[in-house]
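**Student:** Before anything else, here's the structure in question.
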Amino acid sequence: MIRDITIGQYYPADSVLHRLDPRLKLSGTLLFIISIFLFDTFYGYIAVTVFLVSVIKMSKVPLKYIMRGLKAIIVILLFTMFFNLFLTQGDVLVRLGFLKITRQGLYSAIFMGIRLTYLILGSSLMTFTTTPNQLTDGLEKLLSPLRRIKVPVHEIAMMMSIALRFIPILMEETDKIMKAQMARGADFETGGVIKRAKSLVPLLVPLFVSAFRRANDLAMAMEARCYHGGDGRTKMKPLRYHRIDYFAYLILLIYMTIVIAISVIENRLPSFL
Amino acid sequence: MDMIKTRDLTFEYIRRDEGGNVESINRAIDGVNLDVKKGDFIAILGANGSGKSTLAKHINALLYPTEGAVWVNGLNTAEEKNLLEIRRSAGMVFQNPDNQIIATVVEEDVGFGPENLGIPTEEILKRVEESLKAVGMFEYRKQSPNKLSGGQKQRVAIAGIMAMKPQCIVLDEPTAMLDPEGRKEVISTVCSLNKLEKITVLLITHHMDEVIYADKVFVMDRGKIVMQGTPREIFSRVDELKKYRLDVPQVTELAYELKKEGLDIPDGVLSIQELVDALLRLYP
């Protein structure tokens with residue numbers, strides 16, 4: 001069971017979105033996130049919603065799956081909406097004791113809700129359709145200009161991919177240590193938060209010791225296989241743009257033009273709301 | 001030219017206290033002279049702490065001699081400029097299969113070595129395919145290494161070395177963490193690489209039964225090479241082996257004990273069949 005855990009919640013399916021270049025998906029997600037913060041009125045969000053819904057449809061990831069990502073932020077979402085709703089100054093609509101709802105508050109609460117929801121949906125869609133490996137590869141390629149200002153881009157990407165490789169191994173190890181200690185009477189399940197946190201200490205110490213030992217072994221194995229940093233390294237599976245990626249870039253461009261146009265027009269028009 | 005040559009190789013682990021003063025010196029290797037010819041299958045035996053792993057790390061230039069020198073393919077390991085070429089020509093497989101696999105997909109892990117060497121992409125793909133086929137793991141190329149058995153993981157690790165096209169593979173107790181099935185898999189893979197691809201093999205182990213396929217066996221104790229010879233010669237000296245805290249294969253020991261009791265059995269019996277034959281000759 002525990003070995004099946006994959007980080008980044010990749011959902012395997014055969015869709016156009018899965019086949020796109022990770023660089024495109026990363027920059028696309030970034031642009032999408034920017035686009036959802038461009039508006040203060042409903043019109044813009046129609047364009048954004050159309051775009052998001054069609055991308056979700058294209059991804060072949062079940063909607064139920066994508067919605068699951070929202071569960072994690074439901075508390076933050078409600079908080080944000082609550083504060084926006086009750087604490088924004090403006091024209092009072094309803095008064096409930098010392099709390100009041102203003103028109104501006106109502107709108108900003110709704111917009112905040114939409115923005116946060118779309119933010120999560122958009123970015124989780126990217127992790128659903130991109131394997132962690134592709135993600136690190138894409139990041140390495142996208143950030144490579146930063147090498148000029150001495151950012152160790154290759155090393156960061158290598159660390160990320162090694163971390164991904166070792167997550168299941170360390171999980172398994174945690175499980176093993178836990179069972180070994182439970183066999184000797186350790187109790188991880190009862191008691192309050194503090195007691196439980198305390199009981200984790202004897203778990204973490206052996207885990208850390210073994211993680212360091214593994215790191216040492218791995219470093220040696222990497223050196224033995226001629227690893228000497230990113231210089232002069234080639235790629236077995238280099239990222240290459242295909243025609244579909246250029247097409248997707250074009251769509252992204254069109255989308256961005258539309259939303260920017262809407263937001264410009266919107267600011268000129270007198271607000272109906 | 002010898003594949004591997006060491007002269008008076010000595011290595012000391014030096015422990016220092018916080019002030020940088022030498023606390024203790026542990027001489028792990030003590031004046032080892034080793035000559036390995038191209039295409040040989042060499043086994044190095046030794047109990048824990050005999051210095052055999054330390055020796056292996058010298059051949060891959062992961063450690064440098066305190067005294068003496070090591071040459072791999074004629075290149076001195078102490079010279080920085082030879083480093084990559086030495087590591088390429090003498091690949092190393094380690095004990096723990098989990099801690100030497102770098103990538104999350106089998107084929108990408110095999111490609112790691114060639115990537116580091118700066119081999120062009122098409123050539124990497126070709127090499128990965130060849131080496132995965134050579135160890136019989138080609139059908140697992142798209143899988144995650146986490147789902148493989150220990151023996152399979154070790155074979156992937158061997159493929160990762162093979163993809164660098166080495167002349168020599170050093171295996172540092174590759175079967176110590178495997179079950180008997182996995183051990184068999186790994187040893188037969190290593191044997192076939194030695195026979196078919198003419199790869200020089202240096203197998204470091206404390207499992208006696210793995211040694212019988214070797215052309216030559218070295219026994220190490222306390223940093224020194226104390227015995228050397230063919231497996232048959234080595235296994236005919238059972239008492240001596242026991243002195244170095246090593247066990248002999250069960251059948252060899254049985255034959256040895258029978259011989260001590262006065263039965264006319266040849267020295268250094270290696271397989272059950274040999275013992276059966278010898279006994280049948282005595283009692284037809």
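Residues are named by chain letter and number: chains run A, B, ... in the order of the structure tokens, numbers start at 1 in each chain, and ligands are numbered from 1 in the order shown.
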Would you please extract all helix (DSSP H, G or I) residues from range 56-190 of chain A, as assigned by DSSP on the backbone, and give them as a compact mmCIF listing (two decimals) with N, CA, C and O atoms, in the first residue's frame?

**Tutor:**
```txt
# COMPACT_ATOMS: atom_id res chain seq x y z
N ILE A 56 -9.94 21.25 -18.72
CA ILE A 56 -10.25 20.09 -17.87
C ILE A 56 -10.86 18.98 -18.71
O ILE A 56 -10.50 17.81 -18.58
N LYS A 57 -11.78 19.35 -19.60
CA LYS A 57 -12.38 18.34 -20.48
C LYS A 57 -11.31 17.63 -21.30
O LYS A 57 -11.33 16.41 -21.45
N MET A 58 -10.37 18.42 -21.82
CA MET A 58 -9.32 17.86 -22.67
C MET A 58 -8.40 16.91 -21.90
O MET A 58 -7.84 15.98 -22.47
N SER A 59 -8.24 17.16 -20.60
CA SER A 59 -7.24 16.41 -19.83
C SER A 59 -7.66 14.97 -19.56
O SER A 59 -6.84 14.14 -19.21
N LEU A 63 -13.52 14.84 -13.16
CA LEU A 63 -13.76 16.07 -12.42
C LEU A 63 -13.68 15.83 -10.91
O LEU A 63 -13.15 16.65 -10.16
N LYS A 64 -14.18 14.65 -10.50
CA LYS A 64 -14.19 14.31 -9.09
C LYS A 64 -12.77 14.35 -8.52
O LYS A 64 -12.53 14.84 -7.42
N TYR A 65 -11.84 13.84 -9.31
CA TYR A 65 -10.43 13.82 -8.94
C TYR A 65 -9.88 15.21 -8.72
O TYR A 65 -9.18 15.50 -7.76
N ILE A 66 -10.22 16.08 -9.69
CA ILE A 66 -9.67 17.43 -9.64
C ILE A 66 -10.26 18.18 -8.46
O ILE A 66 -9.56 18.91 -7.76
N MET A 67 -11.55 17.97 -8.21
CA MET A 67 -12.22 18.65 -7.12
C MET A 67 -11.62 18.27 -5.77
O MET A 67 -11.67 19.03 -4.81
N ARG A 68 -11.07 17.06 -5.70
CA ARG A 68 -10.50 16.60 -4.45
C ARG A 68 -9.43 17.56 -3.93
O ARG A 68 -9.25 17.72 -2.72
N GLY A 69 -8.73 18.18 -4.87
CA GLY A 69 -7.68 19.13 -4.49
C GLY A 69 -8.23 20.30 -3.69
O GLY A 69 -7.52 20.91 -2.90
N LEU A 70 -9.51 20.60 -3.89
CA LEU A 70 -10.11 21.75 -3.20
C LEU A 70 -10.29 21.49 -1.71
O LEU A 70 -10.30 22.42 -0.92
N LYS A 71 -10.45 20.21 -1.37
CA LYS A 71 -10.69 19.86 0.02
C LYS A 71 -9.62 20.44 0.94
O LYS A 71 -9.90 20.91 2.03
N ILE A 74 -10.24 24.15 1.74
CA ILE A 74 -11.60 24.62 2.04
C ILE A 74 -11.61 25.58 3.23
O ILE A 74 -12.32 26.59 3.22
N VAL A 75 -10.77 25.31 4.23
CA VAL A 75 -10.74 26.17 5.42
C VAL A 75 -10.24 27.57 5.05
O VAL A 75 -10.85 28.59 5.40
N ILE A 76 -9.13 27.58 4.32
CA ILE A 76 -8.56 28.87 3.90
C ILE A 76 -9.57 29.63 3.06
O ILE A 76 -9.77 30.84 3.22
N LEU A 77 -10.21 28.88 2.17
CA LEU A 77 -11.19 29.49 1.27
C LEU A 77 -12.32 30.15 2.06
O LEU A 77 -12.65 31.33 1.85
N LEU A 78 -12.87 29.41 3.04
CA LEU A 78 -13.97 29.95 3.83
C LEU A 78 -13.51 31.17 4.65
O LEU A 78 -14.21 32.17 4.73
N PHE A 79 -12.35 31.06 5.23
CA PHE A 79 -11.79 32.16 6.00
C PHE A 79 -11.70 33.43 5.17
O PHE A 79 -12.17 34.49 5.56
N THR A 80 -11.07 33.26 4.01
CA THR A 80 -10.87 34.42 3.14
C THR A 80 -12.20 35.04 2.76
O THR A 80 -12.38 36.26 2.81
N MET A 81 -13.13 34.17 2.39
CA MET A 81 -14.43 34.69 1.97
C MET A 81 -15.12 35.37 3.13
O MET A 81 -15.71 36.43 2.98
N PHE A 82 -15.03 34.78 4.31
CA PHE A 82 -15.67 35.34 5.50
C PHE A 82 -15.15 36.74 5.79
O PHE A 82 -15.92 37.68 5.95
N PHE A 83 -13.83 36.88 5.81
CA PHE A 83 -13.26 38.19 6.14
C PHE A 83 -13.60 39.22 5.08
O PHE A 83 -13.90 40.37 5.39
N ASN A 84 -13.53 38.79 3.83
CA ASN A 84 -13.86 39.71 2.75
C ASN A 84 -15.31 40.16 2.84
O ASN A 84 -15.64 41.31 2.60
N LEU A 85 -16.16 39.20 3.20
CA LEU A 85 -17.59 39.47 3.23
C LEU A 85 -17.94 40.47 4.33
O LEU A 85 -18.70 41.41 4.12
N PHE A 86 -17.38 40.28 5.52
CA PHE A 86 -17.84 41.07 6.65
C PHE A 86 -16.98 42.28 6.97
O PHE A 86 -17.41 43.17 7.67
N LEU A 87 -15.77 42.31 6.50
CA LEU A 87 -14.87 43.36 6.95
C LEU A 87 -14.56 44.40 5.89
O LEU A 87 -13.72 45.26 6.11
N ARG A 103 -21.89 45.84 -0.16
CA ARG A 103 -21.93 45.41 -1.56
C ARG A 103 -20.51 45.05 -2.03
O ARG A 103 -20.29 44.00 -2.59
N GLN A 104 -19.57 45.94 -1.72
CA GLN A 104 -18.19 45.69 -2.13
C GLN A 104 -17.66 44.40 -1.50
O GLN A 104 -16.96 43.62 -2.14
N GLY A 105 -18.04 44.21 -0.23
CA GLY A 105 -17.60 43.01 0.48
C GLY A 105 -18.12 41.76 -0.18
O GLY A 105 -17.40 40.79 -0.37
N LEU A 106 -19.38 41.80 -0.57
CA LEU A 106 -19.99 40.65 -1.20
C LEU A 106 -19.25 40.28 -2.48
O LEU A 106 -18.88 39.13 -2.71
N TYR A 107 -18.99 41.33 -3.31
CA TYR A 107 -18.28 41.06 -4.57
C TYR A 107 -16.88 40.54 -4.33
O TYR A 107 -16.45 39.57 -4.94
N SER A 108 -16.17 41.21 -3.43
CA SER A 108 -14.78 40.77 -3.27
C SER A 108 -14.73 39.37 -2.68
O SER A 108 -13.81 38.60 -2.98
N ALA A 109 -15.72 39.01 -1.84
CA ALA A 109 -15.76 37.64 -1.31
C ALA A 109 -15.96 36.65 -2.44
O ALA A 109 -15.27 35.63 -2.54
N ILE A 110 -16.89 36.96 -3.33
CA ILE A 110 -17.15 36.04 -4.44
C ILE A 110 -15.93 35.92 -5.34
O ILE A 110 -15.49 34.82 -5.70
N PHE A 111 -15.33 37.08 -5.67
CA PHE A 111 -14.16 37.02 -6.55
C PHE A 111 -13.01 36.26 -5.91
O PHE A 111 -12.33 35.47 -6.56
N MET A 112 -12.81 36.50 -4.63
CA MET A 112 -11.73 35.78 -3.94
C MET A 112 -11.96 34.28 -3.98
O MET A 112 -11.05 33.49 -4.21
N GLY A 113 -13.23 33.91 -3.74
CA GLY A 113 -13.59 32.48 -3.79
C GLY A 113 -13.27 31.90 -5.16
O GLY A 113 -12.62 30.85 -5.27
N ILE A 114 -13.70 32.63 -6.20
CA ILE A 114 -13.45 32.13 -7.56
C ILE A 114 -11.95 32.04 -7.83
O ILE A 114 -11.46 31.03 -8.33
N ARG A 115 -11.24 33.07 -7.45
CA ARG A 115 -9.81 33.09 -7.75
C ARG A 115 -9.08 31.93 -7.09
O ARG A 115 -8.33 31.20 -7.73
N LEU A 116 -9.34 31.75 -5.80
CA LEU A 116 -8.65 30.67 -5.09
C LEU A 116 -9.00 29.31 -5.67
O LEU A 116 -8.14 28.46 -5.87
N THR A 117 -10.31 29.12 -5.97
CA THR A 117 -10.74 27.85 -6.53
C THR A 117 -10.04 27.59 -7.86
O THR A 117 -9.48 26.51 -8.08
N TYR A 118 -10.03 28.59 -8.73
CA TYR A 118 -9.42 28.42 -10.04
C TYR A 118 -7.92 28.20 -9.93
O TYR A 118 -7.33 27.44 -10.69
N LEU A 119 -7.32 28.90 -8.97
CA LEU A 119 -5.88 28.75 -8.75
C LEU A 119 -5.54 27.29 -8.45
O LEU A 119 -4.64 26.70 -9.04
N ILE A 120 -6.31 26.72 -7.52
CA ILE A 120 -6.06 25.33 -7.15
C ILE A 120 -6.38 24.40 -8.31
O ILE A 120 -5.61 23.50 -8.64
N LEU A 121 -7.51 24.62 -8.95
CA LEU A 121 -7.89 23.74 -10.06
C LEU A 121 -6.83 23.79 -11.16
O LEU A 121 -6.40 22.76 -11.65
N GLY A 122 -6.42 24.99 -11.52
CA GLY A 122 -5.44 25.13 -12.59
C GLY A 122 -4.12 24.46 -12.27
O GLY A 122 -3.59 23.70 -13.07
N SER A 123 -3.61 24.72 -11.06
CA SER A 123 -2.29 24.16 -10.78
C SER A 123 -2.36 22.67 -10.50
O SER A 123 -1.43 21.94 -10.84
N SER A 124 -3.48 22.19 -9.91
CA SER A 124 -3.52 20.74 -9.71
C SER A 124 -3.71 20.02 -11.04
O SER A 124 -3.24 18.91 -11.22
N LEU A 125 -4.35 20.69 -11.98
CA LEU A 125 -4.48 20.08 -13.30
C LEU A 125 -3.10 19.84 -13.91
O LEU A 125 -2.86 18.83 -14.57
N MET A 126 -2.20 20.76 -13.66
CA MET A 126 -0.85 20.58 -14.19
C MET A 126 -0.18 19.36 -13.55
O MET A 126 0.39 18.53 -14.25
N THR A 127 -0.27 19.23 -12.22
CA THR A 127 0.37 18.07 -11.59
C THR A 127 -0.34 16.77 -11.95
O THR A 127 0.29 15.72 -11.96
N PHE A 128 -1.63 16.85 -12.27
CA PHE A 128 -2.33 15.63 -12.67
C PHE A 128 -1.83 15.12 -14.02
O PHE A 128 -1.85 13.93 -14.28
N THR A 129 -1.44 16.03 -14.89
CA THR A 129 -1.11 15.62 -16.25
C THR A 129 0.39 15.55 -16.51
O THR A 129 0.80 15.24 -17.62
N PRO A 132 6.21 13.67 -12.19
CA PRO A 132 7.17 14.45 -11.42
C PRO A 132 8.50 14.60 -12.17
O PRO A 132 9.13 15.66 -12.11
N ASN A 133 8.89 13.54 -12.88
CA ASN A 133 10.14 13.61 -13.64
C ASN A 133 10.10 14.68 -14.70
O ASN A 133 11.04 15.44 -14.87
N GLN A 134 8.99 14.72 -15.42
CA GLN A 134 8.85 15.73 -16.46
C GLN A 134 8.87 17.12 -15.84
O GLN A 134 9.44 18.04 -16.40
N LEU A 135 8.22 17.22 -14.68
CA LEU A 135 8.19 18.51 -14.00
C LEU A 135 9.59 19.01 -13.67
O LEU A 135 9.93 20.16 -13.95
N THR A 136 10.42 18.13 -13.08
CA THR A 136 11.77 18.57 -12.73
C THR A 136 12.56 18.90 -13.99
O THR A 136 13.32 19.87 -14.02
N ASP A 137 12.39 18.05 -15.03
CA ASP A 137 13.08 18.33 -16.30
C ASP A 137 12.67 19.69 -16.85
O ASP A 137 13.52 20.49 -17.27
N GLY A 138 11.35 19.93 -16.83
CA GLY A 138 10.84 21.19 -17.36
C GLY A 138 11.35 22.38 -16.57
O GLY A 138 11.77 23.38 -17.14
N LEU A 139 11.36 22.22 -15.23
CA LEU A 139 11.86 23.30 -14.38
C LEU A 139 13.32 23.60 -14.67
O LEU A 139 13.73 24.75 -14.79
N GLU A 140 14.10 22.51 -14.82
CA GLU A 140 15.53 22.69 -15.08
C GLU A 140 15.73 23.49 -16.36
O GLU A 140 16.53 24.42 -16.41
N LYS A 141 14.97 23.12 -17.38
CA LYS A 141 15.12 23.78 -18.67
C LYS A 141 14.66 25.24 -18.59
O LYS A 141 15.33 26.15 -19.07
N LEU A 142 13.49 25.43 -17.94
CA LEU A 142 12.94 26.78 -17.88
C LEU A 142 13.81 27.73 -17.07
O LEU A 142 13.95 28.90 -17.38
N LEU A 143 14.40 27.19 -16.01
CA LEU A 143 15.18 28.06 -15.12
C LEU A 143 16.63 28.18 -15.58
O LEU A 143 17.41 28.91 -14.97
N SER A 144 17.01 27.47 -16.65
CA SER A 144 18.43 27.44 -17.02
C SER A 144 19.03 28.82 -17.29
O SER A 144 20.24 28.98 -17.08
N PRO A 145 18.28 29.81 -17.72
CA PRO A 145 18.91 31.13 -17.85
C PRO A 145 19.47 31.65 -16.53
O PRO A 145 20.42 32.42 -16.51
N LEU A 146 18.89 31.19 -15.41
CA LEU A 146 19.35 31.66 -14.10
C LEU A 146 20.77 31.20 -13.78
O LEU A 146 21.40 31.71 -12.86
N ARG A 147 21.25 30.20 -14.55
CA ARG A 147 22.61 29.73 -14.31
C ARG A 147 23.61 30.86 -14.46
O ARG A 147 24.66 30.86 -13.84
N ARG A 148 23.28 31.84 -15.32
CA ARG A 148 24.21 32.95 -15.55
C ARG A 148 24.45 33.74 -14.28
O ARG A 148 25.51 34.28 -14.09
N ILE A 149 23.42 33.80 -13.42
CA ILE A 149 23.64 34.51 -12.17
C ILE A 149 23.94 33.52 -11.05
O ILE A 149 23.61 33.73 -9.89
N VAL A 153 20.98 25.56 -10.99
CA VAL A 153 19.71 25.03 -11.48
C VAL A 153 19.76 23.51 -11.64
O VAL A 153 18.85 22.80 -11.20
N HIS A 154 20.84 23.03 -12.24
CA HIS A 154 20.94 21.57 -12.45
C HIS A 154 20.91 20.83 -11.12
O HIS A 154 20.23 19.82 -10.96
N GLU A 155 21.64 21.36 -10.15
CA GLU A 155 21.72 20.69 -8.85
C GLU A 155 20.35 20.67 -8.16
O GLU A 155 19.98 19.68 -7.54
N ILE A 156 19.63 21.78 -8.28
CA ILE A 156 18.30 21.84 -7.66
C ILE A 156 17.39 20.79 -8.29
O ILE A 156 16.71 20.04 -7.59
N ALA A 157 17.42 20.71 -9.62
CA ALA A 157 16.57 19.74 -10.30
C ALA A 157 16.97 18.32 -9.92
O ALA A 157 16.12 17.45 -9.69
N MET A 158 18.28 18.08 -9.83
CA MET A 158 18.76 16.74 -9.46
C MET A 158 18.30 16.39 -8.05
O MET A 158 17.85 15.28 -7.78
N MET A 159 18.37 17.36 -7.14
CA MET A 159 17.92 17.12 -5.77
C MET A 159 16.43 16.78 -5.75
O MET A 159 16.01 15.87 -5.05
N MET A 160 15.68 17.52 -6.54
CA MET A 160 14.23 17.26 -6.56
C MET A 160 13.95 15.85 -7.06
O MET A 160 13.13 15.13 -6.50
N SER A 161 14.65 15.44 -8.12
CA SER A 161 14.31 14.13 -8.66
C SER A 161 14.79 13.02 -7.73
O SER A 161 14.14 11.98 -7.60
N ILE A 162 15.91 13.25 -7.03
CA ILE A 162 16.35 12.23 -6.08
C ILE A 162 15.38 12.15 -4.90
O ILE A 162 15.04 11.07 -4.43
N ALA A 163 14.90 13.32 -4.47
CA ALA A 163 13.93 13.33 -3.37
C ALA A 163 12.70 12.51 -3.77
O ALA A 163 12.19 11.71 -2.99
N LEU A 164 12.26 12.71 -5.01
CA LEU A 164 11.10 11.97 -5.48
C LEU A 164 11.35 10.47 -5.46
O LEU A 164 10.48 9.68 -5.13
N ARG A 165 12.56 10.10 -5.82
CA ARG A 165 12.90 8.68 -5.87
C ARG A 165 12.90 8.08 -4.47
O ARG A 165 12.52 6.95 -4.27
N PHE A 166 13.32 8.89 -3.47
CA PHE A 166 13.48 8.31 -2.14
C PHE A 166 12.26 8.44 -1.24
O PHE A 166 12.24 7.85 -0.18
N ILE A 167 11.27 9.20 -1.66
CA ILE A 167 10.07 9.31 -0.82
C ILE A 167 9.46 7.93 -0.51
O ILE A 167 9.28 7.59 0.66
N PRO A 168 9.18 7.11 -1.52
CA PRO A 168 8.59 5.82 -1.18
C PRO A 168 9.50 4.95 -0.33
O PRO A 168 9.03 4.24 0.57
N ILE A 169 10.82 5.04 -0.55
CA ILE A 169 11.75 4.22 0.22
C ILE A 169 11.74 4.64 1.69
O ILE A 169 11.67 3.81 2.59
N LEU A 170 11.74 5.96 1.91
CA LEU A 170 11.74 6.43 3.29
C LEU A 170 10.40 6.16 3.97
O LEU A 170 10.35 5.90 5.16
N MET A 171 9.33 6.21 3.18
CA MET A 171 8.01 5.87 3.72
C MET A 171 8.01 4.44 4.25
O MET A 171 7.55 4.17 5.36
N GLU A 172 8.52 3.56 3.41
CA GLU A 172 8.57 2.16 3.77
C GLU A 172 9.38 1.97 5.04
O GLU A 172 9.03 1.21 5.93
N GLU A 173 10.49 2.71 5.09
CA GLU A 173 11.37 2.61 6.23
C GLU A 173 10.68 3.10 7.50
O GLU A 173 10.77 2.49 8.56
N THR A 174 9.96 4.22 7.39
CA THR A 174 9.21 4.74 8.53
C THR A 174 8.25 3.68 9.04
O THR A 174 8.14 3.43 10.24
N ASP A 175 7.57 3.05 8.09
CA ASP A 175 6.62 2.00 8.42
C ASP A 175 7.31 0.87 9.20
O ASP A 175 6.81 0.40 10.22
N LYS A 176 8.48 0.49 8.71
CA LYS A 176 9.23 -0.60 9.33
C LYS A 176 9.64 -0.22 10.75
O LYS A 176 9.46 -1.00 11.69
N ILE A 177 10.20 0.98 10.91
CA ILE A 177 10.66 1.41 12.23
C ILE A 177 9.49 1.49 13.19
O ILE A 177 9.55 1.05 14.33
N MET A 178 8.38 2.02 12.67
CA MET A 178 7.17 2.14 13.49
C MET A 178 6.74 0.77 13.99
O MET A 178 6.45 0.60 15.18
N LYS A 179 6.70 -0.19 13.09
CA LYS A 179 6.26 -1.53 13.48
C LYS A 179 7.23 -2.14 14.47
O LYS A 179 6.82 -2.79 15.44
N ALA A 180 8.53 -1.92 14.22
CA ALA A 180 9.53 -2.48 15.13
C ALA A 180 9.35 -1.91 16.52
O ALA A 180 9.49 -2.61 17.52
N GLN A 181 9.00 -0.60 16.59
CA GLN A 181 8.85 0.00 17.91
C GLN A 181 7.51 -0.36 18.55
O GLN A 181 7.42 -0.49 19.76
N MET A 182 6.50 -0.54 17.70
CA MET A 182 5.22 -0.98 18.25
C MET A 182 5.35 -2.38 18.83
O MET A 182 4.75 -2.71 19.85
N ALA A 183 6.19 -3.20 18.17
CA ALA A 183 6.41 -4.56 18.66
C ALA A 183 7.05 -4.54 20.04
O ALA A 183 6.93 -5.48 20.81
```

**Student:** Do you know which residues are at most 7 Å from range 39-51 of chain A counting only C-alpha atoms, after dropping those on the same chain fewer than 3 positions away, and could you put them as a list in words?

**Tutor:**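 Close residues of range 39-51 of chain A: Ile36, Ser54, Val55, Val259, Ile262 and Ser263 of chain A.
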
**Student:** Limited to N, CA, C and O atoms, could you put the picked residues into a file as a short mmCIF file (atom, residue, chain, number, x, y, z; two decimals), in the first residue's frame?

**Tutor:**
```cif
data_model
loop_
_atom_site.label_atom_id
_atom_site.label_comp_id
_atom_site.auth_asym_id
_atom_site.auth_seq_id
_atom_site.Cartn_x
_atom_site.Cartn_y
_atom_site.Cartn_z
N ILE A 36 -6.17 35.03 -13.80
CA ILE A 36 -7.34 35.06 -12.91
C ILE A 36 -7.30 36.23 -11.93
O ILE A 36 -8.27 36.52 -11.26
N SER A 54 -12.72 23.89 -20.66
CA SER A 54 -12.33 23.14 -21.85
C SER A 54 -10.99 22.42 -21.62
O SER A 54 -10.81 21.29 -22.09
N VAL A 55 -10.09 23.03 -20.87
CA VAL A 55 -8.83 22.34 -20.59
C VAL A 55 -9.07 21.11 -19.72
O VAL A 55 -8.50 20.05 -19.95
N VAL A 259 -8.07 37.77 -22.61
CA VAL A 259 -8.34 38.20 -21.23
C VAL A 259 -7.78 39.60 -20.96
O VAL A 259 -8.41 40.39 -20.26
N ILE A 262 -10.16 42.03 -22.49
CA ILE A 262 -11.37 42.17 -21.66
C ILE A 262 -11.08 43.07 -20.47
O ILE A 262 -11.86 43.97 -20.14
N SER A 263 -9.94 42.84 -19.82
CA SER A 263 -9.68 43.62 -18.61
C SER A 263 -9.44 45.09 -18.93
O SER A 263 -9.78 45.97 -18.14
#
```

**Student:** Measuring atom to atom with only C-alpha atoms, identify which of A:Leu24, A:Met236, A:Leu30, A:Leu207 is nearest to Pro114 in chain B.

**Tutor:**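 The shortest atom-to-atom distance to Pro114 in chain B comes from A:Met236.
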
**Student:** Mind giving me the straight-line distance from CA of Asp40 in chain B to CA of Thr200 in chain B in Å, one decimal?

**Tutor:** 5.1 Å

**Student:** What residues in chain A have any atom no more than 6 Å from chain B when counting only C-alpha atoms, and can you write them as a ChimeraX atom specification?

**Tutor:** /A:165,214,217-218,221,224-227,232-236

**Student:** Please extract the residues of range 16-249 of chain B with a backbone DSSP assignment of strand (DSSP E or B) and present them as a PyMOL selection string.

**Tutor:** chain B and resi 16+22-37+41-46+67-72+75-76+90-93+168-172+200-205+216-221+224-229

**Student:** Write out as a PDB file with C-alpha atoms, in the first residue's frame each polymer residue whose atoms come within 7 Å of range 235-251 of chain B, counting only C-alpha atoms; drop sequence neighbours fewer than 5 positions from it.

**Tutor:**
```pdb
ATOM      1  CA  GLY B  46      37.127 -11.983   3.409  1.00  0.00           C
ATOM      2  CA  ALA B  47      35.263 -11.750   6.680  1.00  0.00           C
ATOM      3  CA  MET B 208      31.601 -19.093  -0.558  1.00  0.00           C
ATOM      4  CA  ASP B 209      29.280 -20.665  -3.090  1.00  0.00           C
ATOM      5  CA  ASP B 221      42.345 -10.889   6.299  1.00  0.00           C
ATOM      6  CA  ASP B 267      40.936 -32.177  -2.472  1.00  0.00           C
ATOM      7  CA  GLY B 268      38.686 -29.141  -2.861  1.00  0.00           C
ATOM      8  CA  LEU B 270      33.179 -27.879  -5.231  1.00  0.00           C
ATOM      9  CA  SER B 271      29.861 -29.408  -6.175  1.00  0.00           C
ATOM     10  CA  ILE B 272      27.526 -32.078  -4.905  1.00  0.00           C
TER      11      ILE B 272
END
```

**Student:** Tell me, in Å to one decimal, how far CA of Ala214 in chain B is from CA of Ser89 in chain B.

**Tutor:**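 We find that CA of Ala214 in chain B and CA of Ser89 in chain B lie 20.5 Å from each other.
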
**Student:** As an exercise, work out the distance from CA of Val53 in chain A to CA of Arg23 in chain A in Å and give it to one decimal place.

**Tutor:** 21.4 Å

**Student:** Just want the 12 Å neighbourhood of Tyr283 in chain B, counted on only C-alpha atoms, with same-chain residues fewer than 5 positions away dropped. Output as a PDB file with N, CA and C atoms, in the first residue's frame.

**Tutor:**
```
ATOM      1  N   LEU B 263      38.769 -41.419   4.095  1.00  0.00           N
ATOM      2  CA  LEU B 263      38.233 -41.786   2.795  1.00  0.00           C
ATOM      3  C   LEU B 263      39.086 -41.192   1.682  1.00  0.00           C
ATOM      4  N   ASP B 264      39.156 -41.872   0.586  1.00  0.00           N
ATOM      5  CA  ASP B 264      40.007 -41.422  -0.511  1.00  0.00           C
ATOM      6  C   ASP B 264      39.216 -40.509  -1.442  1.00  0.00           C
ATOM      7  N   ILE B 265      39.134 -39.248  -1.059  1.00  0.00           N
ATOM      8  CA  ILE B 265      38.368 -38.265  -1.826  1.00  0.00           C
ATOM      9  C   ILE B 265      39.327 -37.164  -2.254  1.00  0.00           C
ATOM     10  N   VAL B 276      29.434 -36.894  -5.132  1.00  0.00           N
ATOM     11  CA  VAL B 276      28.700 -38.118  -5.440  1.00  0.00           C
ATOM     12  C   VAL B 276      29.567 -39.028  -6.297  1.00  0.00           C
ATOM     13  N   ASP B 277      30.190 -38.436  -7.325  1.00  0.00           N
ATOM     14  CA  ASP B 277      31.038 -39.221  -8.213  1.00  0.00           C
ATOM     15  C   ASP B 277      32.184 -39.877  -7.446  1.00  0.00           C
ATOM     16  N   ALA B 278      32.817 -39.080  -6.576  1.00  0.00           N
ATOM     17  CA  ALA B 278      33.956 -39.603  -5.824  1.00  0.00           C
ATOM     18  C   ALA B 278      33.523 -40.751  -4.924  1.00  0.00           C
TER      19      ALA B 278
END
```
